[in-house]
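What's in final_34.txt: compact mmCIF, C-alpha atoms
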```
# COMPACT_ATOMS: atom_id res chain seq x y z
CA MET A 1 44.97 87.09 66.05
CA THR A 2 48.72 87.60 66.09
CA ALA A 3 51.01 86.78 63.20
CA THR A 4 52.53 83.97 65.25
CA ALA A 5 49.10 82.45 65.93
CA ILE A 6 48.18 82.71 62.27
CA ALA A 7 51.40 80.98 61.22
CA THR A 8 50.84 78.22 63.79
CA ALA A 9 47.27 77.65 62.57
CA ALA A 10 48.44 77.53 58.95
CA ARG A 11 51.08 74.91 59.80
CA ALA A 12 48.45 72.81 61.65
CA LEU A 13 46.09 73.05 58.67
CA ARG A 14 48.83 71.97 56.24
CA HIS A 15 49.69 69.06 58.52
CA ALA A 16 46.05 67.99 58.66
CA ASN A 17 45.73 68.21 54.88
CA ASP A 18 48.89 66.17 54.39
CA HIS A 19 47.56 63.56 56.82
CA TRP A 20 44.24 63.18 54.98
CA ARG A 21 45.98 63.08 51.58
CA ARG A 22 47.89 60.04 52.83
CA VAL A 23 45.01 58.36 54.65
CA LEU A 24 42.07 59.00 52.31
CA PRO A 25 43.27 56.75 49.43
CA LEU A 26 43.74 53.91 51.93
CA LEU A 27 40.22 54.38 53.30
CA VAL A 28 38.75 54.42 49.79
CA ALA A 29 40.67 51.27 48.86
CA LEU A 30 39.46 49.48 51.98
CA CYS A 31 35.84 50.42 51.20
CA LEU A 32 36.05 49.31 47.58
CA TRP A 33 38.04 46.13 48.20
CA PRO A 34 34.97 43.86 48.78
CA LEU A 35 33.49 44.98 45.46
CA PHE A 36 36.58 43.81 43.57
CA ALA A 37 37.66 40.91 45.77
CA ALA A 38 34.28 39.10 45.89
CA PRO A 39 33.94 38.49 42.13
CA ARG A 40 37.50 37.16 41.97
CA ALA A 41 36.79 34.78 44.85
CA GLN A 42 33.69 33.45 43.07
CA ALA A 43 35.32 33.01 39.69
CA ALA A 44 36.80 29.53 40.27
CA PRO A 45 37.28 27.65 37.00
CA LEU A 46 34.51 25.33 35.89
CA PRO A 47 35.23 21.59 35.80
CA GLY A 48 36.31 20.38 32.39
CA ASP A 49 33.21 18.19 32.07
CA SER A 50 30.78 20.98 32.96
CA VAL A 51 27.94 21.68 30.55
CA TYR A 52 28.44 25.31 31.57
CA GLN A 53 31.65 25.40 29.57
CA LEU A 54 29.19 26.15 26.76
CA GLN A 55 28.53 29.86 27.26
CA ALA A 56 25.13 29.73 25.58
CA PRO A 57 23.13 32.99 25.66
CA LEU A 58 19.54 32.56 26.84
CA VAL A 59 16.42 34.73 26.86
CA ASP A 60 13.59 33.55 29.09
CA GLN A 61 9.80 33.85 29.02
CA ALA A 62 10.02 37.28 30.66
CA GLY A 63 12.51 38.55 28.07
CA LYS A 64 15.36 38.42 30.60
CA ALA A 65 18.80 37.68 29.16
CA SER A 66 21.23 35.33 30.86
CA THR A 67 23.72 32.62 30.04
CA LEU A 68 23.57 28.89 30.61
CA ALA A 69 26.33 29.22 33.20
CA ASP A 70 24.23 31.61 35.30
CA GLY A 71 22.66 28.45 36.73
CA ARG A 72 25.94 27.62 38.46
CA GLY A 73 25.40 26.76 42.11
CA GLN A 74 21.94 25.28 41.53
CA VAL A 75 20.82 21.70 40.99
CA ARG A 76 18.92 21.76 37.71
CA VAL A 77 17.00 19.44 35.44
CA VAL A 78 17.50 20.53 31.84
CA SER A 79 15.59 19.40 28.77
CA MET A 80 14.75 20.68 25.29
CA PHE A 81 11.33 21.23 23.76
CA TYR A 82 9.36 23.62 21.54
CA THR A 83 6.12 25.42 22.23
CA SER A 84 4.10 24.28 19.19
CA CYS A 85 4.75 20.60 19.97
CA LYS A 86 1.40 18.87 20.48
CA PHE A 87 2.34 15.50 21.96
CA VAL A 88 5.85 14.77 23.22
CA CYS A 89 6.69 18.17 24.77
CA PRO A 90 3.53 18.36 26.90
CA LEU A 91 4.50 14.89 28.16
CA ILE A 92 7.96 16.19 29.06
CA ILE A 93 6.37 18.89 31.24
CA ASP A 94 3.96 16.38 32.80
CA THR A 95 6.82 13.98 33.54
CA LEU A 96 8.85 16.75 35.15
CA ARG A 97 5.90 17.60 37.38
CA LYS A 98 5.44 13.98 38.40
CA THR A 99 9.16 13.75 39.11
CA GLU A 100 9.02 16.84 41.33
CA ARG A 101 6.11 15.41 43.31
CA GLU A 102 8.37 12.58 44.44
CA LEU A 103 10.53 15.10 46.32
CA ASP A 104 9.86 16.52 49.75
CA PRO A 105 8.84 20.19 49.74
CA ALA A 106 12.23 21.49 50.90
CA SER A 107 14.08 19.59 48.16
CA ARG A 108 11.54 20.65 45.56
CA ASP A 109 12.04 24.30 46.50
CA ARG A 110 15.78 23.95 45.83
CA LEU A 111 15.32 22.34 42.42
CA ARG A 112 15.46 24.43 39.25
CA VAL A 113 14.13 23.38 35.84
CA LEU A 114 15.38 24.74 32.51
CA LEU A 115 13.58 23.99 29.23
CA VAL A 116 15.38 25.32 26.16
CA SER A 117 13.56 25.65 22.85
CA LEU A 118 14.62 23.72 19.77
CA ASP A 119 12.73 26.25 17.65
CA PRO A 120 14.23 29.73 18.16
CA ALA A 121 12.69 31.01 14.94
CA ARG A 122 9.18 30.75 16.40
CA ASP A 123 9.68 30.54 20.14
CA THR A 124 9.87 34.18 21.09
CA PRO A 125 9.72 35.23 24.75
CA GLN A 126 6.02 35.93 24.15
CA ALA A 127 5.43 32.37 22.90
CA LEU A 128 7.33 30.97 25.88
CA ALA A 129 5.34 33.15 28.29
CA GLN A 130 2.06 32.04 26.73
CA LEU A 131 2.97 28.37 27.18
CA ALA A 132 4.13 28.98 30.76
CA SER A 133 0.77 30.57 31.50
CA GLN A 134 -1.23 27.84 29.75
CA ARG A 135 0.60 25.05 31.55
CA LYS A 136 0.70 27.00 34.84
CA VAL A 137 4.37 26.29 35.40
CA ASP A 138 6.07 27.68 38.50
CA THR A 139 8.22 30.39 36.95
CA THR A 140 9.93 31.06 40.28
CA ARG A 141 11.75 27.76 39.73
CA TRP A 142 11.10 26.87 36.08
CA THR A 143 12.67 28.75 33.18
CA LEU A 144 11.51 28.43 29.58
CA ALA A 145 14.19 29.89 27.34
CA ARG A 146 15.41 30.32 23.80
CA THR A 147 18.88 30.63 22.34
CA ASP A 148 20.20 31.08 18.80
CA ALA A 149 20.23 28.20 16.31
CA SER A 150 23.95 27.52 16.61
CA HIS A 151 23.73 27.19 20.38
CA VAL A 152 20.66 24.96 20.06
CA ARG A 153 22.87 22.51 18.16
CA ARG A 154 25.72 22.80 20.65
CA LEU A 155 23.53 22.46 23.71
CA ALA A 156 21.72 19.45 22.27
CA ALA A 157 25.10 17.86 21.58
CA VAL A 158 26.49 18.33 25.09
CA LEU A 159 23.23 17.13 26.65
CA GLY A 160 23.04 14.12 24.33
CA ILE A 161 19.69 15.18 22.91
CA GLN A 162 19.04 14.25 19.29
CA TYR A 163 16.68 16.29 17.13
CA LYS A 164 15.78 16.91 13.51
CA GLN A 165 13.52 19.49 11.92
CA LEU A 166 10.94 17.91 9.64
CA ALA A 167 9.60 19.21 6.33
CA ASP A 168 6.45 20.54 8.01
CA GLY A 169 8.47 22.62 10.48
CA GLU A 170 7.92 20.28 13.40
CA PHE A 171 10.76 18.53 15.22
CA SER A 172 11.56 14.93 15.91
CA HIS A 173 13.61 14.82 19.11
CA SER A 174 14.63 12.71 22.05
CA THR A 175 12.99 13.31 25.40
CA SER A 176 15.92 13.29 27.79
CA LEU A 177 15.70 14.92 31.21
CA VAL A 178 19.26 15.70 32.28
CA LEU A 179 20.23 16.30 35.91
CA LEU A 180 23.08 18.79 36.47
CA ASP A 181 24.85 19.46 39.73
CA GLY A 182 25.80 22.96 40.86
CA GLU A 183 28.91 22.90 38.68
CA GLY A 184 26.99 21.86 35.57
CA ARG A 185 28.18 18.24 35.56
CA ILE A 186 25.74 15.58 34.34
CA LEU A 187 24.71 13.36 37.26
CA ALA A 188 21.87 11.38 35.70
CA ARG A 189 19.48 11.26 32.77
CA THR A 190 16.22 9.60 31.86
CA ASP A 191 14.13 9.26 28.72
CA ARG A 192 11.11 7.79 30.48
CA LEU A 193 7.89 9.69 29.80
CA GLY A 194 4.57 9.71 31.58
CA GLU A 195 5.89 8.65 34.99
CA ALA A 196 8.71 9.42 37.36
CA ASP A 197 11.83 7.34 36.86
CA GLU A 198 12.72 5.98 40.32
CA THR A 199 16.45 5.88 39.58
CA PHE A 200 16.39 9.47 38.36
CA VAL A 201 14.39 10.57 41.41
CA ALA A 202 16.95 8.91 43.69
CA ALA A 203 19.75 10.83 41.95
CA LEU A 204 17.75 14.03 42.38
CA ARG A 205 17.29 13.46 46.10
CA GLU A 206 20.98 12.79 46.57
CA ALA A 207 21.97 15.91 44.65
CA LEU A 208 19.54 18.13 46.52
CA THR A 209 20.51 16.89 49.99
CA GLY A 210 24.25 16.82 49.38
CA PRO A 211 26.74 19.43 50.63
```
Let me see the file written as structure tokens.
Amino acid sequence: MTATAIATAARALRHANDHWRRVLPLLVALCLWPLFAAPRAQAAPLPGDSVYQLQAPLVDQAGKASTLADGRGQVRVVSMFYTSCKFVCPLIIDTLRKTERELDPASRDRLRVLLVSLDPARDTPQALAQLASQRKVDTTRWTLARTDASHVRRLAAVLGIQYKQLADGEFSHSTSLVLLDGEGRILARTDRLGEADETFVAALREALTGP
């Protein structure tokens, strides 16, 4: 190869390198843009009256950590209970099941249920898992969870659930089932036990068939 040919090839190589140095950062940016743009697009502020403003940490029956706000985008029924409860809490689960049976299968599949323990000192993920197994709850849609004591108080307050720990370690508590829309706003509530509340079921149907 002649000196002239070598010089020409060297200039072409430098030109190609300069071209890729300019183009490559743009290509990388275009490839990575969806990774950074998508979270920003999804991070719209929560409504001021959203229960999800309370960033309560949760651990479920499988030991999986999440936050209360991770339920955003789903219609959920939320209540509070504890696993060693012998009377009222089993009725809460039974009432939730009866309420679900009033829905058509497609609506029922879209519904999520969250039961948060009032007794974090004793309700470990293992205790929650044992109760889920005993009561044969559908853990693809139902979540039994615990949080720390301070968030138990805060969550009970925002849900309007009253409770008090008794001298024997048990709890006296209200039995509210609270319906949340996808943004965590309270749509309806019921304290009826043992049977489905028709008004509450109607609110559920509307929430699950809405846009």
Checklist entry - Which one is closest to Arg153 of chain A: A:Leu208, A:Val75, A:Leu128, A:Val116? Count all atoms listed in the file. => result A:Val116
Item to check | Selected residue, from A:Gly182, A:Pro120, A:Pro105, A:Pro57, that lies nearest to Tyr82 of chain A when counting all atoms listed in the file | outcome: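 Closest to Tyr82 of chain A of all the choices is A:Pro120.
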May I have the residues within 12 Å of Arg122 of chain A as a PDB file with C-alpha atoms, in the coordinates of the input, using all atoms listed in the file and disregarding those fewer than 6 positions away in the same chain?
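Written output follows (result_14.pdb):
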```pdb
ATOM      1  CA  TYR A  82       9.360  23.620  21.540  1.00  0.00           C
ATOM      2  CA  THR A  83       6.120  25.420  22.230  1.00  0.00           C
ATOM      3  CA  SER A  84       4.100  24.280  19.190  1.00  0.00           C
ATOM      4  CA  CYS A  85       4.750  20.600  19.970  1.00  0.00           C
ATOM      5  CA  LEU A 128       7.330  30.970  25.880  1.00  0.00           C
ATOM      6  CA  ARG A 146      15.410  30.320  23.800  1.00  0.00           C
ATOM      7  CA  THR A 147      18.880  30.630  22.340  1.00  0.00           C
ATOM      8  CA  ASP A 148      20.200  31.080  18.800  1.00  0.00           C
ATOM      9  CA  ALA A 149      20.230  28.200  16.310  1.00  0.00           C
ATOM     10  CA  GLY A 169       8.470  22.620  10.480  1.00  0.00           C
ATOM     11  CA  GLU A 170       7.920  20.280  13.400  1.00  0.00           C
TER      12      GLU A 170
END
```
Item to check | Residue with smallest distance to Glu183 of chain A - pool A:Arg141, A:Arg72, A:Lys64, A:Arg97, counting all atoms listed in the file | outcome: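 Comparing A:Arg141, A:Arg72, A:Lys64, A:Arg97 against Glu183 of chain A, the winner is A:Arg72.
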Checklist entry - In Å, with one decimal, what is the gap from atom CA of Ala188 of chain A to atom CA of Cys89 of chain A? => result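 So the two atoms, atom CA of Ala188 of chain A and atom CA of Cys89 of chain A, lie 19.9 Å apart.
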